[in-house]
Amino acid sequence: MVVFIVENVRPSLRGELSRWLFEVKAGVFTGKLSALVRDELWQLIGQQLGKGSAVMIYPASNEQGFNAKTLGNPSRRLVDIEGLLLVRT
């Protein structure tokens with residue numbers, strides 16, 4: 001399962017994401033994707049981000065069971081402290 005959270009992006013990018021994922025709340029997309037499709041969508045988000053921001057949360061083999069990546073300037077920062085991801089506001 002993967003989660004994308006986008007802020008301040010064009011409606012066309014949200015429309016493209018809704019082709020692959022379920023938009024559970026404005027700007028929050030989730031679904032089950034292969035790693036290849038997930039990475040291609042992340043690349044697409046990066047190309048069309050503009051002045052917006054994005055967070056991707058995806059499964060990983062670590063203690064938390066997930067990893068996260070960010071693009072742009074999200075309202076919350078992810079901080080890695082000794083292998084654990086924490087959110088800084």
# chains A, B, ... in the order shown; residues from 1 in each chain; ligands from 1
>>> residues_around(residues="range 58-68 of chain A", least_positions_apart="6", cutoff="8 Å", atoms="only C-alpha atoms", output="VMD selection string")
chain A and resid 1 to 3 78 84 to 85
>>> residues_around(residues="Trp42 in chain A", least_positions_apart="6", cutoff="9 Å", atoms="only C-alpha atoms", output="list of chain:residue names")
A:Phe4, A:Ala54, A:Met56
>>> select_by_dssp(residues="chain A", states="strand (DSSP E or B)", output="PyMOL selection string")
chain A and resi 2-7+22-25+28-31+53-59+66-72+77-81+84-88
>>> write_last_selection(atoms="N, CA, C and O atoms", output="short mmCIF file (atom, residue, chain, number, x, y, z; two decimals), in the first residue's frame")
data_model
loop_
_atom_site.label_atom_id
_atom_site.label_comp_id
_atom_site.auth_asym_id
_atom_site.auth_seq_id
_atom_site.Cartn_x
_atom_site.Cartn_y
_atom_site.Cartn_z
N VAL A 2 0.44 2.24 -0.71
CA VAL A 2 1.20 3.49 -0.80
C VAL A 2 0.26 4.65 -0.53
O VAL A 2 -0.95 4.56 -0.76
N VAL A 3 0.81 5.73 0.04
CA VAL A 3 0.05 6.95 0.30
C VAL A 3 0.83 8.12 -0.29
O VAL A 3 2.03 8.26 -0.04
N PHE A 4 0.15 8.95 -1.08
CA PHE A 4 0.70 10.21 -1.57
C PHE A 4 -0.11 11.33 -0.96
O PHE A 4 -1.34 11.28 -0.97
N ILE A 5 0.57 12.34 -0.45
CA ILE A 5 -0.10 13.53 0.06
C ILE A 5 0.47 14.72 -0.71
O ILE A 5 1.68 14.95 -0.69
N VAL A 6 -0.40 15.42 -1.42
CA VAL A 6 0.04 16.57 -2.22
C VAL A 6 -0.64 17.83 -1.71
O VAL A 6 -1.80 17.81 -1.30
N GLU A 7 0.10 18.93 -1.72
CA GLU A 7 -0.41 20.23 -1.29
C GLU A 7 -0.11 21.26 -2.36
O GLU A 7 1.00 21.28 -2.91
N PHE A 22 -7.02 5.98 -4.92
CA PHE A 22 -8.27 6.44 -4.33
C PHE A 22 -7.98 7.71 -3.52
O PHE A 22 -7.11 7.70 -2.64
N GLU A 23 -8.69 8.80 -3.81
CA GLU A 23 -8.49 10.06 -3.08
C GLU A 23 -9.42 10.05 -1.86
O GLU A 23 -10.60 10.34 -1.96
N VAL A 24 -8.86 9.73 -0.68
CA VAL A 24 -9.66 9.59 0.53
C VAL A 24 -10.02 10.94 1.15
O VAL A 24 -10.99 11.05 1.90
N LYS A 25 -9.24 11.95 0.86
CA LYS A 25 -9.46 13.32 1.31
C LYS A 25 -8.75 14.20 0.31
O LYS A 25 -7.86 13.72 -0.40
N VAL A 28 -5.03 13.61 -0.57
CA VAL A 28 -4.50 12.39 0.06
C VAL A 28 -4.95 11.20 -0.78
O VAL A 28 -6.14 10.91 -0.88
N PHE A 29 -3.99 10.52 -1.38
CA PHE A 29 -4.27 9.40 -2.28
C PHE A 29 -3.67 8.12 -1.70
O PHE A 29 -2.55 8.13 -1.21
N THR A 30 -4.40 7.02 -1.82
CA THR A 30 -3.89 5.75 -1.32
C THR A 30 -4.33 4.60 -2.24
O THR A 30 -5.32 4.71 -2.95
N GLY A 31 -3.56 3.53 -2.22
CA GLY A 31 -3.88 2.36 -3.01
C GLY A 31 -2.72 1.38 -2.99
O GLY A 31 -1.70 1.60 -2.35
N SER A 53 3.96 20.79 -2.86
CA SER A 53 4.78 19.83 -2.13
C SER A 53 4.11 18.48 -2.14
O SER A 53 2.92 18.36 -2.40
N ALA A 54 4.90 17.44 -1.85
CA ALA A 54 4.38 16.08 -1.86
C ALA A 54 5.13 15.22 -0.86
O ALA A 54 6.31 15.42 -0.59
N VAL A 55 4.39 14.25 -0.32
CA VAL A 55 4.96 13.23 0.57
C VAL A 55 4.51 11.88 0.05
O VAL A 55 3.35 11.72 -0.34
N MET A 56 5.42 10.93 0.01
CA MET A 56 5.08 9.55 -0.37
C MET A 56 5.45 8.64 0.79
O MET A 56 6.58 8.69 1.29
N ILE A 57 4.51 7.81 1.22
CA ILE A 57 4.73 6.83 2.28
C ILE A 57 4.52 5.45 1.66
O ILE A 57 3.50 5.21 1.02
N TYR A 58 5.50 4.57 1.81
CA TYR A 58 5.44 3.27 1.16
C TYR A 58 6.07 2.19 2.05
O TYR A 58 6.85 2.50 2.95
N PRO A 59 5.73 0.93 1.82
CA PRO A 59 6.24 -0.17 2.65
C PRO A 59 7.76 -0.31 2.53
O PRO A 59 8.34 -0.07 1.48
N PHE A 66 7.61 1.07 7.17
CA PHE A 66 7.38 1.99 6.06
C PHE A 66 8.54 2.97 5.96
O PHE A 66 9.35 3.10 6.87
N ASN A 67 8.60 3.65 4.82
CA ASN A 67 9.56 4.71 4.60
C ASN A 67 8.80 5.86 3.97
O ASN A 67 7.67 5.69 3.51
N ALA A 68 9.40 7.03 3.90
CA ALA A 68 8.74 8.19 3.33
C ALA A 68 9.74 9.06 2.59
O ALA A 68 10.93 9.09 2.94
N LYS A 69 9.25 9.74 1.55
CA LYS A 69 10.04 10.70 0.78
C LYS A 69 9.23 11.98 0.65
O LYS A 69 8.00 11.94 0.66
N THR A 70 9.93 13.10 0.51
CA THR A 70 9.24 14.37 0.33
C THR A 70 9.82 15.10 -0.88
O THR A 70 10.96 14.90 -1.26
N LEU A 71 8.98 15.95 -1.46
CA LEU A 71 9.38 16.85 -2.54
C LEU A 71 8.82 18.23 -2.22
O LEU A 71 7.76 18.34 -1.61
N GLY A 72 9.52 19.26 -2.67
CA GLY A 72 9.02 20.61 -2.45
C GLY A 72 9.24 21.04 -1.01
O GLY A 72 10.22 20.65 -0.37
N ARG A 77 7.96 18.53 8.29
CA ARG A 77 9.24 17.94 7.91
C ARG A 77 9.40 16.54 8.49
O ARG A 77 9.02 16.30 9.64
N LEU A 78 9.94 15.63 7.70
CA LEU A 78 10.27 14.29 8.19
C LEU A 78 11.72 14.29 8.64
O LEU A 78 12.59 14.76 7.91
N VAL A 79 11.96 13.79 9.83
CA VAL A 79 13.30 13.76 10.40
C VAL A 79 13.65 12.32 10.73
O VAL A 79 12.87 11.61 11.37
N ASP A 80 14.82 11.88 10.28
CA ASP A 80 15.31 10.53 10.58
C ASP A 80 16.19 10.61 11.82
O ASP A 80 17.24 11.24 11.81
N ILE A 81 15.74 9.98 12.90
CA ILE A 81 16.52 9.95 14.14
C ILE A 81 16.82 8.49 14.45
O ILE A 81 15.92 7.73 14.81
N LEU A 84 14.53 5.97 12.77
CA LEU A 84 13.09 6.15 12.93
C LEU A 84 12.67 7.47 12.33
O LEU A 84 13.31 8.50 12.56
N LEU A 85 11.61 7.44 11.54
CA LEU A 85 11.08 8.68 10.97
C LEU A 85 10.15 9.35 11.96
O LEU A 85 9.23 8.72 12.50
N LEU A 86 10.38 10.62 12.18
CA LEU A 86 9.54 11.43 13.06
C LEU A 86 9.10 12.65 12.28
O LEU A 86 9.76 13.06 11.32
N VAL A 87 8.02 13.29 12.70
CA VAL A 87 7.49 14.47 12.02
C VAL A 87 7.80 15.69 12.87
O VAL A 87 7.51 15.73 14.08
N ARG A 88 8.38 16.68 12.22
CA ARG A 88 8.66 17.97 12.87
C ARG A 88 7.71 19.00 12.28
O ARG A 88 7.62 19.14 11.07
#
>>> select_by_dssp(residues="chain A", states="helix (DSSP H, G or I)", output="VMD selection string")
chain A and resid 11 to 20 35 to 48
>>> write_last_selection(atoms="N, CA, C and O atoms", output="mmCIF file, in the first residue's frame")
data_model
loop_
_atom_site.group_PDB
_atom_site.id
_atom_site.type_symbol
_atom_site.label_atom_id
_atom_site.label_comp_id
_atom_site.auth_asym_id
_atom_site.auth_seq_id
_atom_site.Cartn_x
_atom_site.Cartn_y
_atom_site.Cartn_z
ATOM 1 N N PRO A 11 -4.884 20.943 -10.355
ATOM 2 C CA PRO A 11 -5.937 19.917 -10.417
ATOM 3 C C PRO A 11 -5.618 18.801 -11.418
ATOM 4 O O PRO A 11 -6.024 17.663 -11.207
ATOM 5 N N SER A 12 -4.873 19.114 -12.474
ATOM 6 C CA SER A 12 -4.538 18.079 -13.461
ATOM 7 C C SER A 12 -3.659 16.986 -12.847
ATOM 8 O O SER A 12 -3.795 15.815 -13.192
ATOM 9 N N LEU A 13 -2.772 17.352 -11.933
ATOM 10 C CA LEU A 13 -1.937 16.343 -11.268
ATOM 11 C C LEU A 13 -2.801 15.486 -10.352
ATOM 12 O O LEU A 13 -2.665 14.261 -10.335
ATOM 13 N N ARG A 14 -3.710 16.095 -9.633
ATOM 14 C CA ARG A 14 -4.619 15.318 -8.784
ATOM 15 C C ARG A 14 -5.481 14.388 -9.627
ATOM 16 O O ARG A 14 -5.749 13.254 -9.243
ATOM 17 N N GLY A 15 -5.891 14.856 -10.798
ATOM 18 C CA GLY A 15 -6.667 14.004 -11.700
ATOM 19 C C GLY A 15 -5.868 12.810 -12.181
ATOM 20 O O GLY A 15 -6.381 11.691 -12.258
ATOM 21 N N GLU A 16 -4.593 13.033 -12.503
ATOM 22 C CA GLU A 16 -3.729 11.933 -12.945
ATOM 23 C C GLU A 16 -3.553 10.909 -11.823
ATOM 24 O O GLU A 16 -3.626 9.699 -12.061
ATOM 25 N N LEU A 17 -3.351 11.368 -10.596
ATOM 26 C CA LEU A 17 -3.195 10.445 -9.470
ATOM 27 C C LEU A 17 -4.475 9.660 -9.214
ATOM 28 O O LEU A 17 -4.430 8.491 -8.829
ATOM 29 N N SER A 18 -5.631 10.296 -9.444
ATOM 30 C CA SER A 18 -6.901 9.608 -9.193
ATOM 31 C C SER A 18 -7.166 8.485 -10.200
ATOM 32 O O SER A 18 -8.023 7.649 -9.980
ATOM 33 N N ARG A 19 -6.410 8.448 -11.277
ATOM 34 C CA ARG A 19 -6.523 7.326 -12.220
ATOM 35 C C ARG A 19 -5.966 6.039 -11.621
ATOM 36 O O ARG A 19 -6.377 4.951 -11.990
ATOM 37 N N TRP A 20 -5.004 6.182 -10.734
ATOM 38 C CA TRP A 20 -4.309 5.031 -10.164
ATOM 39 C C TRP A 20 -4.692 4.757 -8.724
ATOM 40 O O TRP A 20 -4.555 3.636 -8.240
ATOM 41 N N ALA A 35 6.028 -1.489 -7.170
ATOM 42 C CA ALA A 35 7.115 -0.533 -6.934
ATOM 43 C C ALA A 35 7.417 0.273 -8.198
ATOM 44 O O ALA A 35 7.723 1.470 -8.117
ATOM 45 N N LEU A 36 7.301 -0.359 -9.362
ATOM 46 C CA LEU A 36 7.568 0.332 -10.625
ATOM 47 C C LEU A 36 6.560 1.460 -10.857
ATOM 48 O O LEU A 36 6.944 2.592 -11.142
ATOM 49 N N VAL A 37 5.283 1.171 -10.700
ATOM 50 C CA VAL A 37 4.242 2.188 -10.900
ATOM 51 C C VAL A 37 4.381 3.280 -9.840
ATOM 52 O O VAL A 37 4.262 4.473 -10.130
ATOM 53 N N ARG A 38 4.644 2.904 -8.603
ATOM 54 C CA ARG A 38 4.839 3.872 -7.521
ATOM 55 C C ARG A 38 5.965 4.856 -7.858
ATOM 56 O O ARG A 38 5.803 6.065 -7.756
ATOM 57 N N ASP A 39 7.095 4.318 -8.326
ATOM 58 C CA ASP A 39 8.230 5.173 -8.667
ATOM 59 C C ASP A 39 7.944 6.051 -9.878
ATOM 60 O O ASP A 39 8.380 7.205 -9.938
ATOM 61 N N GLU A 40 7.201 5.540 -10.844
ATOM 62 C CA GLU A 40 6.824 6.342 -12.017
ATOM 63 C C GLU A 40 5.888 7.476 -11.608
ATOM 64 O O GLU A 40 6.020 8.604 -12.100
ATOM 65 N N LEU A 41 4.935 7.206 -10.727
ATOM 66 C CA LEU A 41 4.046 8.265 -10.249
ATOM 67 C C LEU A 41 4.813 9.313 -9.445
ATOM 68 O O LEU A 41 4.550 10.510 -9.559
ATOM 69 N N TRP A 42 5.776 8.885 -8.655
ATOM 70 C CA TRP A 42 6.596 9.817 -7.883
ATOM 71 C C TRP A 42 7.396 10.727 -8.824
ATOM 72 O O TRP A 42 7.525 11.922 -8.578
ATOM 73 N N GLN A 43 7.900 10.150 -9.886
ATOM 74 C CA GLN A 43 8.624 10.936 -10.887
ATOM 75 C C GLN A 43 7.680 11.937 -11.558
ATOM 76 O O GLN A 43 8.030 13.095 -11.756
ATOM 77 N N LEU A 44 6.463 11.515 -11.895
ATOM 78 C CA LEU A 44 5.469 12.399 -12.489
ATOM 79 C C LEU A 44 5.125 13.550 -11.543
ATOM 80 O O LEU A 44 5.039 14.713 -11.954
ATOM 81 N N ILE A 45 4.952 13.240 -10.274
ATOM 82 C CA ILE A 45 4.671 14.280 -9.281
ATOM 83 C C ILE A 45 5.813 15.287 -9.253
ATOM 84 O O ILE A 45 5.584 16.497 -9.235
ATOM 85 N N GLY A 46 7.028 14.804 -9.260
ATOM 86 C CA GLY A 46 8.191 15.696 -9.252
ATOM 87 C C GLY A 46 8.238 16.620 -10.462
ATOM 88 O O GLY A 46 8.601 17.790 -10.346
ATOM 89 N N GLN A 47 7.839 16.109 -11.617
ATOM 90 C CA GLN A 47 7.846 16.913 -12.836
ATOM 91 C C GLN A 47 6.746 17.960 -12.839
ATOM 92 O O GLN A 47 6.903 19.030 -13.410
ATOM 93 N N GLN A 48 5.599 17.664 -12.228
ATOM 94 C CA GLN A 48 4.444 18.557 -12.282
ATOM 95 C C GLN A 48 4.174 19.283 -10.963
ATOM 96 O O GLN A 48 3.138 19.912 -10.811
#
>>> closest_residue(among="A:Val9, A:Glu82, A:Asn73, A:Leu33", to="Leu21 in chain A", atoms="only C-alpha atoms")
A:Leu33
